[in-house]
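A short worksheet on the structure shown next.
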Amino acid sequence: MAYVPGVALLAALAVGCSAGSDGSASDADSKPGGPTVTTAPPGKYRTLPAPCRAVPGSTLKDLLPGVAELPQQQQEKAFRGSPTVTYDTDRKVGCSWKSDAPDSTRNLSIDFERVVSYDPAVSDDDRARTLYAKKETAADLSGVTTPPGPPEKPAGSTAGEETGTGKPGGGEGSAGPSPSASGSTSGTASGTPGAPAGGSEDLRPRVLDGLGDAAFLDDLLTRAGSTAQHRTVSVVFRTSNVIVTVRYGEQPALVTKVPDSKELQEKAQALARKLAEVISE
């Protein structure tokens with residue numbers, strides 16, 4: 001009779017060891033050590049603002065001179081803007097405006113792009129950072145060369161004696177100032193704003209500080225044949241996973257007039273900063 005409980009005890013111990021062995025194997029299998037997949041965090045922004053309503057009416061009046069002179073119904077239509085045709089309004093939207101004044105034509109457009117990474121290992125912000133970098137590279141800001149400055153003026157001489165005309169860009173024997181010199185500080189013959197002289201403001205294409213996570217400004221002056229020159233200032237900035245592009249341009253009615261680079265740049269930057277606030281709301 002005493003032998004039977006001993007057999008039962010041995011059997012119970014064997015079962016317990018077997019269970020412990022199985023549990024140990026299960027625990028070993030559940031321990032980390034195999035490859036794990038981590039998903040990158042999503043971007044900060046999940047939606048985009050309505051582009052044609054993103055610019056305040058007072059700002060549009062300032063950017064589009066001439067519209068305020070139109071009849072009320074035409075004003076409303078001009079300020080309403082034209083939405084950009086896109087195939088995914090959750091990802092990309094835009095709007096454009098145009099004004100025709102007696103002295104010039106102004107064009108304004110804004111674009112919002114919400115970047116989404118479909119790679120679980122790459123965050124939306126990282127993807128947006130890569131796309132923004134490509135835009136900055138395409139602008140070729142480093143390729144803007146500084147035009148040579150004028151020779152040092154001899155002591156006692158005047159600007160008129162130095163150039164022979166009394167106007168910048170003249171030069172002895174010149175028939176008059178070049179088209180680029182007819183604007184205030186606007187352009188050079190290459191179509192880019194001139195380098196600063198004597199401490200004046202630098203209007204060349206450049207990286208901007210204090211706007212979003214990264215920003216740059218481009219300034220392009222073009223002319224097609226005998227038509228008036230057209231200047232387009234672009235401000236592009238990134239905030240988290242959204243990239244915003246502002247384009248503001250002017251074409252004067254007179255062929256000899258060069259659009260003022262400083263004015264266009266200041267207004268384009270001011271609008272870009274307003275849009276950065278709109279996105280963050």
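If you're wondering about the labels, chains in the structure tokens are A, B, ... by order shown, residues count from 1 in each chain, ligands from 1 in order shown.
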Just the residues within 9 Å of Arg127 (chain A), please, counting only C-alpha atoms, with nothing from its chain fewer than 6 positions along; format it as an mmCIF file with N, CA, C and O atoms, in the first residue's frame.
data_model
loop_
_atom_site.group_PDB
_atom_site.id
_atom_site.type_symbol
_atom_site.label_atom_id
_atom_site.label_comp_id
_atom_site.auth_asym_id
_atom_site.auth_seq_id
_atom_site.Cartn_x
_atom_site.Cartn_y
_atom_site.Cartn_z
ATOM 1 N N VAL A 115 2.692 65.813 -46.966
ATOM 2 C CA VAL A 115 3.508 64.671 -47.354
ATOM 3 C C VAL A 115 3.184 63.476 -46.458
ATOM 4 O O VAL A 115 3.144 63.595 -45.226
ATOM 5 N N VAL A 116 2.951 62.346 -47.086
ATOM 6 C CA VAL A 116 2.682 61.102 -46.368
ATOM 7 C C VAL A 116 3.683 60.059 -46.852
ATOM 8 O O VAL A 116 3.832 59.838 -48.054
ATOM 9 N N SER A 117 4.372 59.432 -45.902
ATOM 10 C CA SER A 117 5.319 58.381 -46.250
ATOM 11 C C SER A 117 4.616 57.037 -46.182
ATOM 12 O O SER A 117 3.988 56.704 -45.185
ATOM 13 N N ASN A 241 5.234 67.980 -41.748
ATOM 14 C CA ASN A 241 5.049 67.209 -42.980
ATOM 15 C C ASN A 241 4.267 67.972 -44.046
ATOM 16 O O ASN A 241 3.709 67.376 -44.962
#
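Summary of the local environment: counting only C-alpha atoms, residues at most 10 Å from Asp90 (chain A), other than itself and those fewer than 5 positions away along its chain, are Arg46, Thr47, Leu48, Pro49, Phe112, Glu113, Arg114 and Val115 of chain A.
Using only C-alpha atoms for every distance, the candidate list A:Leu271, A:Ile110, A:Cys95, A:Ala50 yields A:Ile110 as the residue closest to Thr245 (chain A).
Going from CA of Ala228 (chain A) over to CA of Pro259 (chain A), you cover 9.5 Å.
Minimum distance to Gln269 (chain A) across A:Ser123, A:Ser234, A:Gln74, A:Thr137 (counting only C-alpha atoms) occurs at A:Ser234.
Of the residues under consideration (A:Tyr248, A:Gly66, A:Asp100, A:Ala215), A:Ala215 shows the shortest atom-to-atom contact distance to Lys135 (chain A) when counting only C-alpha atoms.
Nearest to His230 (chain A) of all the residues A:Thr59, A:Gln73, A:Asn107, A:Thr130 is A:Asn107, counting only C-alpha atoms.
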